[in-house]
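As stored in model-v9.pdb (PDB, C-alpha atoms):
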```pdb
MODEL        1
ATOM      1  CA  MET A   1     -97.251-189.019-131.388
ATOM      2  CA  HIS A   2     -93.542-189.711-131.808
ATOM      3  CA  LYS A   3     -92.631-186.057-131.075
ATOM      4  CA  THR A   4     -94.367-186.012-127.642
ATOM      5  CA  LEU A   5     -92.632-189.194-126.540
ATOM      6  CA  GLN A   6     -89.127-187.779-127.053
ATOM      7  CA  PRO A   7     -89.299-185.048-124.298
ATOM      8  CA  LYS A   8     -90.697-187.559-121.798
ATOM      9  CA  ILE A   9     -87.825-189.970-122.423
ATOM     10  CA  ILE A  10     -85.290-187.160-122.054
ATOM     11  CA  ALA A  11     -86.922-186.030-118.782
ATOM     12  CA  VAL A  12     -86.926-189.570-117.375
ATOM     13  CA  MET A  13     -83.284-190.134-118.372
ATOM     14  CA  THR A  14     -82.248-186.799-116.848
ATOM     15  CA  GLY A  15     -84.085-187.627-113.629
ATOM     16  CA  ALA A  16     -82.467-191.063-113.464
ATOM     17  CA  ILE A  17     -78.985-189.588-113.964
ATOM     18  CA  LEU A  18     -79.589-186.957-111.263
ATOM     19  CA  LEU A  19     -80.877-189.592-108.848
ATOM     20  CA  LEU A  20     -77.821-191.759-109.517
ATOM     21  CA  LEU A  21     -75.495-188.803-108.872
ATOM     22  CA  CYS A  22     -77.295-188.047-105.586
ATOM     23  CA  VAL A  23     -76.982-191.659-104.399
ATOM     24  CA  ILE A  24     -73.273-191.800-105.288
ATOM     25  CA  SER A  25     -72.665-188.475-103.490
ATOM     26  CA  LEU A  26     -74.432-189.705-100.337
ATOM     27  CA  LEU A  27     -72.414-192.928-100.332
ATOM     28  CA  CYS A  28     -69.161-190.969-100.628
ATOM     29  CA  ILE A  29     -70.151-188.764 -97.685
ATOM     30  CA  LEU A  30     -71.607-191.416 -95.371
ATOM     31  CA  LEU A  31     -69.244-194.344 -95.902
ATOM     32  CA  PRO A  32     -66.004-193.880 -93.976
ATOM     33  CA  ARG A  33     -62.668-194.171 -95.688
ATOM     34  CA  ARG A  34     -60.373-196.569 -93.889
ATOM     35  CA  HIS A  35     -56.765-195.517 -93.674
ATOM     36  CA  ALA A  36     -54.078-198.187 -93.625
ATOM     37  CA  SER A  37     -52.025-196.272 -91.076
ATOM     38  CA  GLY A  38     -54.963-195.804 -88.696
ATOM     39  CA  TYR A  39     -56.099-192.640 -86.918
ATOM     40  CA  VAL A  40     -54.709-190.171 -84.419
ATOM     41  CA  ALA A  41     -57.091-188.748 -81.798
ATOM     42  CA  ASP A  42     -56.554-185.028 -81.235
ATOM     43  CA  ILE A  43     -58.106-183.813 -77.978
ATOM     44  CA  TYR A  44     -58.851-180.088 -77.847
ATOM     45  CA  GLN A  45     -60.123-177.984 -74.954
ATOM     46  CA  GLU A  46     -61.179-174.393 -75.594
ATOM     47  CA  GLY A  47     -59.578-174.663 -79.033
ATOM     48  CA  LYS A  48     -56.150-175.650 -77.692
ATOM     49  CA  LEU A  49     -54.637-179.044 -78.408
ATOM     50  CA  LEU A  50     -54.206-180.990 -75.158
ATOM     51  CA  THR A  51     -52.796-184.215 -76.575
ATOM     52  CA  SER A  52     -52.633-186.420 -79.660
ATOM     53  CA  ILE A  53     -53.011-190.182 -79.281
ATOM     54  CA  PRO A  54     -52.146-192.591 -82.134
ATOM     55  CA  LEU A  55     -54.951-195.160 -81.825
ATOM     56  CA  VAL A  56     -53.014-197.779 -83.786
ATOM     57  CA  ASP A  57     -50.396-197.860 -80.981
ATOM     58  CA  VAL A  58     -52.960-198.613 -78.247
ATOM     59  CA  GLU A  59     -52.841-202.264 -77.196
ATOM     60  CA  THR A  60     -54.835-202.214 -73.945
ATOM     61  CA  PRO A  61     -57.662-199.837 -73.025
ATOM     62  CA  TYR A  62     -56.915-197.029 -70.579
ATOM     63  CA  SER A  63     -58.729-193.947 -69.333
ATOM     64  CA  PHE A  64     -57.859-190.491 -68.053
ATOM     65  CA  THR A  65     -59.759-187.418 -66.828
ATOM     66  CA  VAL A  66     -59.829-183.950 -68.362
ATOM     67  CA  THR A  67     -60.972-181.086 -66.130
ATOM     68  CA  GLY A  68     -62.276-177.871 -67.645
ATOM     69  CA  VAL A  69     -61.916-174.288 -66.420
ATOM     70  CA  SER A  70     -65.429-174.379 -64.961
ATOM     71  CA  GLY A  71     -64.620-177.587 -63.053
ATOM     72  CA  CYS A  72     -66.552-179.879 -65.397
ATOM     73  CA  LYS A  73     -64.823-183.265 -65.737
ATOM     74  CA  ASN A  74     -64.780-185.775 -68.570
ATOM     75  CA  GLU A  75     -63.432-189.305 -68.247
ATOM     76  CA  ILE A  76     -62.029-190.365 -71.618
ATOM     77  CA  GLU A  77     -61.336-193.989 -72.510
ATOM     78  CA  VAL A  78     -58.894-194.963 -75.242
ATOM     79  CA  ARG A  79     -59.303-198.398 -76.819
ATOM     80  CA  PRO A  80     -57.399-200.037 -79.674
ATOM     81  CA  GLY A  81     -58.724-198.191 -82.731
ATOM     82  CA  SER A  82     -61.357-196.066 -80.934
ATOM     83  CA  ILE A  83     -61.877-193.355 -78.317
ATOM     84  CA  GLY A  84     -64.855-191.979 -76.404
ATOM     85  CA  ILE A  85     -66.106-190.288 -73.249
ATOM     86  CA  LEU A  86     -67.140-192.700 -70.469
ATOM     87  CA  SER A  87     -68.556-190.176 -67.991
ATOM     88  CA  ALA A  88     -69.065-186.440 -67.691
ATOM     89  CA  ASP A  89     -70.295-183.871 -65.174
ATOM     90  CA  CYS A  90     -72.426-182.057 -67.765
ATOM     91  CA  PRO A  91     -76.203-182.165 -67.223
ATOM     92  CA  ASP A  92     -77.309-183.681 -70.556
ATOM     93  CA  LYS A  93     -74.407-186.153 -71.060
ATOM     94  CA  LEU A  94     -74.671-185.918 -74.842
ATOM     95  CA  CYS A  95     -70.919-186.479 -75.112
ATOM     96  CA  VAL A  96     -71.272-189.829 -73.320
ATOM     97  CA  HIS A  97     -74.220-190.847 -75.520
ATOM     98  CA  GLN A  98     -72.174-190.167 -78.668
ATOM     99  CA  GLY A  99     -70.272-193.345 -77.877
ATOM    100  CA  PHE A 100     -66.883-194.345 -79.196
ATOM    101  CA  ILE A 101     -65.589-193.137 -82.545
ATOM    102  CA  SER A 102     -63.291-195.088 -84.837
ATOM    103  CA  ASP A 103     -63.292-192.914 -87.975
ATOM    104  CA  SER A 104     -63.108-189.225 -88.807
ATOM    105  CA  ARG A 105     -66.729-188.636 -89.833
ATOM    106  CA  LEU A 106     -67.949-187.035 -86.602
ATOM    107  CA  PRO A 107     -66.054-185.723 -83.560
ATOM    108  CA  VAL A 108     -67.066-186.276 -79.940
ATOM    109  CA  THR A 109     -67.890-182.947 -78.292
ATOM    110  CA  CYS A 110     -68.740-181.774 -74.777
ATOM    111  CA  LEU A 111     -70.007-178.199 -74.924
ATOM    112  CA  PRO A 112     -70.009-177.406 -71.167
ATOM    113  CA  ASN A 113     -66.353-178.503 -70.916
ATOM    114  CA  ARG A 114     -65.495-177.099 -74.381
ATOM    115  CA  LEU A 115     -63.892-180.428 -75.203
ATOM    116  CA  VAL A 116     -63.557-181.871 -78.713
ATOM    117  CA  ILE A 117     -62.105-185.254 -79.662
ATOM    118  CA  GLN A 118     -61.368-185.389 -83.357
ATOM    119  CA  LEU A 119     -59.812-188.194 -85.387
ATOM    120  CA  ARG A 120     -57.486-187.583 -88.316
ATOM    121  CA  PRO A 121     -55.579-190.037 -90.523
ATOM    122  CA  ALA A 122     -52.183-190.852 -89.006
ATOM    123  CA  GLU A 123     -50.341-189.820 -92.158
ATOM    124  CA  GLN A 124     -52.002-186.380 -92.115
ATOM    125  CA  GLU A 125     -50.054-183.600 -90.434
ATOM    126  CA  LEU A 126     -51.482-181.711 -87.470
ATOM    127  CA  PRO A 127     -53.155-178.549 -88.783
ATOM    128  CA  ASN A 128     -51.150-175.358 -88.254
ATOM    129  CA  SER A 129     -53.215-173.199 -85.902
ATOM    130  CA  SER A 130     -51.577-169.982 -87.133
ATOM    131  CA  ALA A 131     -52.452-170.650 -90.772
ATOM    132  CA  ILE A 132     -55.385-168.772 -92.262
ATOM    133  CA  ASP A 133     -58.339-170.930 -93.116
ATOM    134  CA  ILE A 134     -61.894-170.216 -94.222
ATOM    135  CA  ILE A 135     -63.127-169.901 -90.632
ATOM    136  CA  THR A 136     -60.457-167.472 -89.400
ATOM    137  CA  TYR A 137     -60.368-165.482 -92.603
TER     138      TYR A 137
ENDMDL
END
```
Can the structure in the file be given as structure tokens, please?
Amino acid sequence: MHKTLQPKIIAVMTGAILLLLCVISLLCILLPRRHASGYVADIYQEGKLLTSIPLVDVETPYSFTVTGVSGCKNEIEVRPGSIGILSADCPDKLCVHQGFISDSRLPVTCLPNRLVIQLRPAEQELPNSSAIDIITY
């Protein structure tokens, strides 16, 4: 009876350790890391950098419009510590429904206008577009 109990205990302990590792991994992925220096919003259109805005320097909200090649327009609002798309000409308005972002977990994208707003830590350098990465390789 003692010999059959040993494999069950080992299986339960292994399962508990694996479950704990899964929970810790999910927390590391889902919980944002706050950076003391804040974030910089990089706004790309058709893969080209239009502008970079240090969100820590923004004191009062302001907005501006980006027009795409196809004539689609996006009104972007910059707030202290966050950025988002207020209005868009695209039919589904998914970019507007994404809301404002204040960390680098998920970018705001507008597919019809080929617009991407991505946050990066302020201390991180702008990626070199001519460097080979896993996507261009």
Original post:
Taking the file as shown, what set of residues would the PyMOL selection byres ((chain A and resi 72) around 12) give back, as a list of chain:residue names?
Top reply: A:Gln45, A:Thr65, A:Val66, A:Thr67, A:Gly68, A:Val69, A:Ser70, A:Gly71, A:Lys73, A:Asn74, A:Glu75, A:Ser87, A:Ala88, A:Asp89, A:Cys90, A:Pro91, A:Lys93, A:Cys110, A:Leu111, A:Pro112, A:Asn113, A:Arg114, A:Leu115
Original post:
So which residues get picked by the PyMOL selection byres ((chain A and resi 85) around 8) here, written as a VMD selection string?
Top reply: chain A and resid 74 to 77 83 to 84 86 to 88 95 to 96 99 to 100 108
Original post:
When you draw a straight line from atom CA of A:Leu49 to atom CA of A:Arg79, how long is it in Å?
Top reply: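 Separating atom CA of A:Leu49 from atom CA of A:Arg79 is a distance of 20.0 Å.
The gap separating atom CA of A:Ile29 from atom CA of A:Ser102 is 15.9 Å, in Å to one decimal.
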Original post:
Quick one, how far is atom CA of A:His97 from atom CA of A:Ser63?
Top reply: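 Computing the Euclidean distance for atom CA of A:His97 and atom CA of A:Ser63 yields 17.0 Å.
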